[in-house]
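Novice: Structure file protein38.json, JSON, C-alpha atoms, is pasted below:
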```json
[["chain", "number", "residue", "atom", "x", "y", "z"],
["I", 1, "MET", "CA", 34.46, 33.96, 26.49],
["I", 2, "GLU", "CA", 33.61, 35.81, 23.29],
["I", 3, "GLY", "CA", 35.54, 33.16, 21.34],
["I", 4, "LYS", "CA", 33.37, 30.39, 22.82],
["I", 5, "VAL", "CA", 30.19, 32.21, 21.79],
["I", 6, "ILE", "CA", 31.48, 32.57, 18.22],
["I", 7, "LEU", "CA", 32.45, 28.89, 18.19],
["I", 8, "LYS", "CA", 28.96, 27.86, 19.42],
["I", 9, "LYS", "CA", 27.32, 30.03, 16.75],
["I", 10, "ARG", "CA", 29.54, 28.47, 14.10],
["I", 11, "HIS", "CA", 28.57, 24.95, 15.26],
["I", 12, "LEU", "CA", 24.90, 25.92, 15.27],
["I", 13, "ILE", "CA", 25.16, 27.29, 11.71],
["I", 14, "ILE", "CA", 26.93, 24.12, 10.54],
["I", 15, "LEU", "CA", 24.29, 21.95, 12.22],
["I", 16, "ILE", "CA", 21.46, 23.93, 10.58],
["I", 17, "LEU", "CA", 23.18, 23.68, 7.17],
["I", 18, "LEU", "CA", 23.60, 19.91, 7.57],
["I", 19, "MET", "CA", 19.93, 19.51, 8.46],
["I", 20, "ILE", "CA", 18.90, 21.54, 5.40],
["I", 21, "ILE", "CA", 21.17, 19.45, 3.15],
["I", 22, "ILE", "CA", 19.80, 16.17, 4.54],
["I", 23, "TYR", "CA", 16.19, 17.34, 4.23],
["I", 24, "PHE", "CA", 16.41, 18.98, 0.79],
["I", 25, "GLY", "CA", 19.31, 16.87, -0.52],
["I", 26, "PRO", "CA", 17.29, 14.56, -2.79],
["I", 27, "SER", "CA", 15.90, 17.47, -4.79],
["I", 28, "PHE", "CA", 19.42, 18.83, -5.30],
["I", 29, "LEU", "CA", 20.92, 15.41, -5.99],
["I", 30, "GLY", "CA", 18.58, 14.50, -8.87],
["I", 31, "GLY", "CA", 16.35, 12.24, -6.81],
["I", 32, "TYR", "CA", 19.21, 10.46, -5.05],
["I", 33, "TYR", "CA", 19.07, 9.67, -1.35],
["I", 34, "LEU", "CA", 21.99, 9.03, 0.96],
["I", 35, "THR", "CA", 20.60, 5.71, 2.20],
["I", 36, "GLU", "CA", 18.88, 2.85, 0.44],
["I", 37, "ARG", "CA", 16.16, 2.84, 3.08],
["I", 38, "SER", "CA", 15.37, 6.51, 2.38],
["I", 39, "ALA", "CA", 15.15, 5.82, -1.36],
["I", 40, "ILE", "CA", 12.71, 2.98, -0.70],
["I", 41, "ARG", "CA", 10.63, 4.86, 1.89],
["I", 42, "ASN", "CA", 10.44, 8.15, -0.03],
["I", 43, "SER", "CA", 9.16, 6.70, -3.29],
["I", 44, "PHE", "CA", 5.64, 5.67, -4.19],
["I", 45, "PRO", "CA", 4.08, 3.74, -2.55],
["I", 46, "ASN", "CA", 5.69, 4.71, 0.70],
["I", 47, "ASP", "CA", 3.36, 2.98, 3.11],
["I", 48, "GLY", "CA", 2.91, -0.69, 3.80],
["I", 49, "ILE", "CA", 5.46, -3.43, 4.31],
["I", 50, "VAL", "CA", 8.25, -4.80, 2.16],
["I", 51, "VAL", "CA", 7.42, -8.46, 1.41],
["I", 52, "LEU", "CA", 10.40, -9.26, -0.82],
["I", 53, "GLU", "CA", 13.75, -7.73, -1.75],
["I", 54, "LYS", "CA", 16.29, -8.94, -4.27],
["I", 55, "ASP", "CA", 19.76, -7.50, -4.98],
["I", 56, "VAL", "CA", 20.94, -7.46, -8.60],
["I", 57, "LYS", "CA", 24.33, -5.82, -9.33],
["I", 58, "ASN", "CA", 23.99, -2.17, -8.23],
["I", 59, "LYS", "CA", 20.18, -2.40, -8.07],
["I", 60, "LYS", "CA", 17.56, -3.72, -5.68],
["I", 61, "ILE", "CA", 14.05, -4.91, -6.53],
["I", 62, "VAL", "CA", 11.51, -4.28, -3.77],
["I", 63, "VAL", "CA", 7.92, -5.56, -3.49],
["I", 64, "TRP", "CA", 5.52, -3.56, -1.30],
["I", 65, "ASP", "CA", 2.25, -4.73, 0.18],
["I", 66, "THR", "CA", 0.03, -1.76, 1.05],
["I", 67, "GLY", "CA", -2.80, -3.96, 2.28],
["I", 68, "GLN", "CA", -4.88, -3.27, -0.84],
["I", 69, "ASN", "CA", -2.36, -4.25, -3.52],
["I", 70, "LYS", "CA", 1.28, -5.03, -4.16],
["I", 71, "SER", "CA", 3.77, -2.90, -6.08],
["I", 72, "ILE", "CA", 7.27, -3.47, -7.41],
["I", 73, "GLU", "CA", 10.05, -0.92, -7.46],
["I", 74, "LEU", "CA", 13.63, -0.80, -8.75],
["I", 75, "ILE", "CA", 16.21, 1.11, -6.67],
["I", 76, "GLU", "CA", 19.55, 2.04, -8.26],
["I", 77, "SER", "CA", 22.68, 2.58, -6.15],
["I", 78, "ASN", "CA", 25.70, 4.52, -7.37],
["I", 79, "PHE", "CA", 29.08, 4.95, -5.68],
["I", 80, "GLY", "CA", 27.82, 2.88, -2.75],
["I", 81, "PHE", "CA", 26.05, 5.80, -1.06],
["I", 82, "LEU", "CA", 23.68, 7.42, -3.59],
["I", 83, "HIS", "CA", 20.37, 5.58, -4.06],
["I", 84, "ARG", "CA", 17.28, 6.45, -6.10],
["I", 85, "PRO", "CA", 14.08, 4.80, -7.30],
["I", 86, "ILE", "CA", 14.17, 4.54, -11.10],
["I", 87, "LEU", "CA", 11.19, 2.36, -11.93],
["I", 88, "GLY", "CA", 7.99, 1.07, -10.38],
["I", 89, "SER", "CA", 4.64, -0.51, -11.14],
["I", 90, "GLU", "CA", 1.61, -1.87, -9.36],
["I", 91, "ILE", "CA", 1.04, -5.62, -9.75],
["I", 92, "PHE", "CA", -2.43, -5.34, -11.25],
["I", 93, "GLY", "CA", -2.81, -7.42, -14.44],
["I", 94, "GLU", "CA", -5.11, -10.23, -13.30],
["I", 95, "THR", "CA", -5.66, -13.45, -15.22],
["I", 96, "PRO", "CA", -9.29, -14.11, -16.25],
["I", 97, "ASP", "CA", -9.46, -17.05, -13.81],
["I", 98, "LYS", "CA", -8.15, -14.83, -10.95],
["I", 99, "LYS", "CA", -5.24, -17.16, -10.18],
["I", 100, "MET", "CA", -2.40, -14.69, -10.73],
["I", 101, "LYS", "CA", -1.58, -10.97, -11.08],
["I", 102, "THR", "CA", 1.31, -9.70, -13.18],
["I", 103, "THR", "CA", 3.18, -6.60, -14.22],
["I", 104, "TRP", "CA", 6.30, -5.50, -16.01],
["I", 105, "ALA", "CA", 7.91, -2.10, -16.50],
["I", 106, "ALA", "CA", 10.93, -0.74, -18.35],
["I", 107, "THR", "CA", 12.97, 2.45, -18.42],
["I", 108, "HIS", "CA", 15.83, 3.50, -20.69],
["I", 109, "HIS", "CA", 19.27, 2.50, -19.44],
["I", 110, "GLU", "CA", 21.70, 3.58, -22.15],
["I", 111, "GLY", "CA", 22.05, 3.06, -25.86],
["I", 112, "VAL", "CA", 19.52, 0.47, -26.96],
["I", 113, "PHE", "CA", 19.06, -1.14, -23.54],
["I", 114, "TYR", "CA", 16.25, -0.91, -21.02],
["I", 115, "ASN", "CA", 16.12, -1.72, -17.30],
["I", 116, "THR", "CA", 13.19, -4.15, -17.18],
["I", 117, "ILE", "CA", 11.45, -5.59, -14.15],
["I", 118, "PHE", "CA", 8.91, -8.42, -14.02],
["I", 119, "ALA", "CA", 6.62, -9.34, -11.13],
["I", 120, "ALA", "CA", 3.82, -11.78, -10.47],
["I", 121, "GLU", "CA", 1.61, -12.43, -7.48],
["I", 122, "ALA", "CA", 0.34, -15.99, -7.07],
["I", 123, "LEU", "CA", -3.31, -16.01, -6.00],
["I", 124, "ASP", "CA", -3.52, -19.80, -6.40],
["I", 125, "GLU", "CA", -1.44, -21.81, -3.92],
["I", 126, "ASP", "CA", -0.55, -24.40, -6.61],
["I", 127, "ILE", "CA", 1.60, -21.85, -8.48],
["I", 128, "VAL", "CA", 5.24, -22.28, -7.43],
["I", 129, "LYS", "CA", 6.96, -20.43, -10.27],
["I", 130, "VAL", "CA", 6.14, -18.07, -13.11],
["I", 131, "ILE", "CA", 7.56, -18.23, -16.62],
["I", 132, "VAL", "CA", 7.86, -14.98, -18.59],
["I", 133, "SER", "CA", 8.36, -15.39, -22.33],
["I", 134, "ASN", "CA", 7.91, -13.52, -25.59],
["I", 135, "GLU", "CA", 7.06, -16.26, -28.08],
["I", 136, "PRO", "CA", 5.56, -14.76, -31.24],
["I", 137, "HIS", "CA", 2.33, -16.78, -31.20],
["I", 138, "VAL", "CA", -0.90, -15.96, -29.45],
["I", 139, "ARG", "CA", -0.79, -16.90, -25.76],
["I", 140, "GLU", "CA", -1.49, -20.61, -25.89],
["I", 141, "ILE", "CA", -1.83, -22.69, -22.75],
["I", 142, "TYR", "CA", -1.31, -26.00, -24.53],
["I", 143, "LEU", "CA", 2.29, -25.28, -25.62],
["I", 144, "SER", "CA", 4.84, -27.20, -23.57],
["I", 145, "LEU", "CA", 7.37, -25.12, -21.66],
["I", 146, "LYS", "CA", 10.09, -26.56, -23.90],
["I", 147, "GLU", "CA", 8.22, -25.31, -27.00],
["I", 148, "VAL", "CA", 7.73, -21.91, -25.39],
["I", 149, "GLU", "CA", 11.47, -21.69, -24.62],
["I", 150, "GLU", "CA", 12.40, -22.70, -28.18],
["I", 151, "GLN", "CA", 10.11, -20.07, -29.70],
["I", 152, "SER", "CA", 11.14, -17.22, -27.36],
["I", 153, "THR", "CA", 14.09, -14.86, -27.24],
["I", 154, "ILE", "CA", 13.16, -14.04, -23.62],
["I", 155, "PHE", "CA", 12.51, -16.93, -21.23],
["I", 156, "VAL", "CA", 12.63, -16.09, -17.52],
["I", 157, "GLU", "CA", 11.82, -18.47, -14.65],
["I", 158, "MET", "CA", 10.78, -16.73, -11.44],
["I", 159, "VAL", "CA", 10.29, -18.67, -8.19],
["I", 160, "ILE", "CA", 7.41, -17.65, -5.92],
["I", 161, "GLU", "CA", 8.61, -16.31, -2.53],
["I", 162, "ASN", "CA", 6.21, -14.82, 0.02],
["I", 163, "GLY", "CA", 3.45, -15.06, -2.60],
["I", 164, "VAL", "CA", 5.32, -13.08, -5.29],
["I", 165, "ALA", "CA", 8.00, -13.60, -7.93],
["I", 166, "ILE", "CA", 10.35, -10.89, -9.23],
["I", 167, "HIS", "CA", 13.10, -10.54, -11.82],
["I", 168, "TYR", "CA", 15.34, -7.82, -13.30],
["I", 169, "SER", "CA", 16.79, -7.89, -16.81],
["I", 170, "LEU", "CA", 18.73, -5.47, -18.99],
["I", 171, "LEU", "CA", 17.03, -5.98, -22.36],
["I", 172, "PRO", "CA", 17.58, -4.60, -25.85],
["I", 173, "THR", "CA", 14.85, -2.23, -27.04],
["I", 174, "ASP", "CA", 13.48, -4.61, -29.66],
["I", 175, "GLU", "CA", 12.80, -7.32, -27.04],
["I", 176, "VAL", "CA", 10.85, -5.17, -24.58],
["I", 177, "GLY", "CA", 7.13, -5.94, -24.79],
["I", 178, "ASN", "CA", 4.62, -8.64, -25.75],
["I", 179, "PHE", "CA", 5.40, -10.71, -22.67],
["I", 180, "THR", "CA", 3.40, -13.77, -21.65],
["I", 181, "PHE", "CA", 3.24, -14.85, -18.00],
["I", 182, "ARG", "CA", 2.54, -18.51, -17.14],
["I", 183, "GLY", "CA", 1.86, -19.68, -13.60],
["I", 184, "VAL", "CA", 3.32, -23.17, -13.20],
["I", 185, "ASP", "CA", 2.74, -25.82, -10.52],
["I", 186, "ALA", "CA", 5.34, -28.11, -8.90],
["I", 187, "GLU", "CA", 4.93, -30.76, -11.66],
["I", 188, "GLY", "CA", 5.61, -28.21, -14.42],
["I", 189, "ASN", "CA", 1.98, -27.88, -15.54],
["I", 190, "VAL", "CA", 0.67, -24.48, -16.60],
["I", 191, "VAL", "CA", -2.02, -23.45, -14.11],
["I", 192, "THR", "CA", -2.84, -20.05, -15.65],
["I", 193, "ILE", "CA", -1.64, -17.73, -18.39],
["I", 194, "PHE", "CA", -1.71, -13.99, -18.99]]
```
When written as structure tokens, how does the structure in this file appear?

Specialist:
Amino acid sequence: MEGKVILKKRHLIILILLMIIIYFGPSFLGGYYLTERSAIRNSFPNDGIVVLEKDVKNKKIVVWDTGQNKSIELIESNFGFLHRPILGSEIFGETPDKKMKTTWAATHHEGVFYNTIFAAEALDEDIVKVIVSNEPHVREIYLSLKEVEEQSTIFVEMVIENGVAIHYSLLPTDEVGNFTFRGVDAEGNVVTIF
């Protein structure tokens, strides 16, 4: 009988230790969570609904809609069971004509490379894709998309899904920044630029 009591106490202690590890684990694991869902839910913003997800290698891009605004977040997964948010940004840069909102964010990866995410929210229903480029000239709406591609070292086409477009790139340090976002209609015409 005494052996059963000791065994029950041992099980209770193990259960309590497991609960403590699960609850406080992320702070001990350098911000890692044991599930992807926990990494998404325990980062900022952590309320609202997920409107779009996209898997890229060992990463996932997530777009949140909090009811007031949309945010983008990059979740990194290592070893298949450790997940952590490494980058995020609110989609807030609005074009002067209020047809599109944009954002981009970057964080150091290793060496001279940066994890870079792009996002755009189409506020005009004619916009079906967004082009992100880094041509050296001032943002000019009259350039053809072919000219923009020829003059750019970064040229990303993002398709609008659920009202937003997202993309992940691993970019060299010298190519991070000075991005231009163009909202494009189904015929390939530029509707708005930021």

Novice: Nearest to I:Thr103: which of I:Asn178, I:Asn58, I:Asn189, I:Asn78 is it, counting all atoms listed in the file?

Specialist: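 Smallest distance to I:Thr103 is found for I:Asn178.
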
Novice: Show which residues sit within 7 Å of I:Thr107, as a list in words. Count only C-alpha atoms, and ignore same-chain residues fewer than 5 positions away.

Specialist: Leu87, Tyr114, Asn115 and Thr116 of chain I

Novice: Based on the selection just made, write C-alpha atoms of those residues as a PDB file, keeping the file's coordinate frame.

Specialist:
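Wrote part-v9.pdb, looks like this:
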```
ATOM      1  CA  LEU I  87      11.190   2.360 -11.930  1.00  0.00           C
ATOM      2  CA  TYR I 114      16.250  -0.910 -21.020  1.00  0.00           C
ATOM      3  CA  ASN I 115      16.120  -1.720 -17.300  1.00  0.00           C
ATOM      4  CA  THR I 116      13.190  -4.150 -17.180  1.00  0.00           C
TER       5      THR I 116
END
```

Novice: Could you jot down the atom CA of I:Asp126 to atom CA of I:Met158 separation for me, Å, one decimal place?

Specialist: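 Those two atoms sit 14.5 Å apart.
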
Novice: Kindly indicate which residue among I:Ile154, I:Ala186, I:Val56, I:Leu143 lies nearest to I:Tyr168, using all atoms listed in the file for the distances.

Specialist: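 Nearest candidate to I:Tyr168 out of I:Ile154, I:Ala186, I:Val56, I:Leu143: I:Val56.
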
Novice: Name the residues in contact with I:Asp185 at a cut-off of 9 Å, using only C-alpha atoms, excluding same-chain residues fewer than 3 positions from it; report them as JSON, numbers by chain.

Specialist: {"I": [125, 126, 127, 128, 129, 130, 188, 189, 190, 191]}

Novice: Between atom CA of I:Ile166 and atom CA of I:Glu76, what distance in Å does the model show, to one decimal?

Specialist: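 Going from atom CA of I:Ile166 over to atom CA of I:Glu76 covers 15.9 Å.
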
Novice: To one decimal place in Å, what is the distance between atom CA of I:Pro96 and atom CA of I:Val164?

Specialist: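 A separation of 18.3 Å between them.
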
Novice: Between I:Val63, I:Leu145, I:Ile49, I:Val176, which has the minimum distance to I:Ile75 (counting only C-alpha atoms)?

Specialist: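 Result for the nearest residue to I:Ile75: I:Val63.
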
Novice: Would you list the residues near (6.2, 2.1, -8.0), meaning any protein, DNA or RNA residue with an atom at most 6 Å from that point in file coordinates, counting all atoms listed in the file, as a PDB file with C-alpha atoms, keeping the file's coordinate frame?

Specialist:
```pdb
ATOM      1  CA  PHE I  44       5.640   5.670  -4.190  1.00  0.00           C
ATOM      2  CA  SER I  71       3.770  -2.900  -6.080  1.00  0.00           C
ATOM      3  CA  ILE I  72       7.270  -3.470  -7.410  1.00  0.00           C
ATOM      4  CA  GLU I  73      10.050  -0.920  -7.460  1.00  0.00           C
ATOM      5  CA  GLY I  88       7.990   1.070 -10.380  1.00  0.00           C
ATOM      6  CA  SER I  89       4.640  -0.510 -11.140  1.00  0.00           C
TER       7      SER I  89
END
```
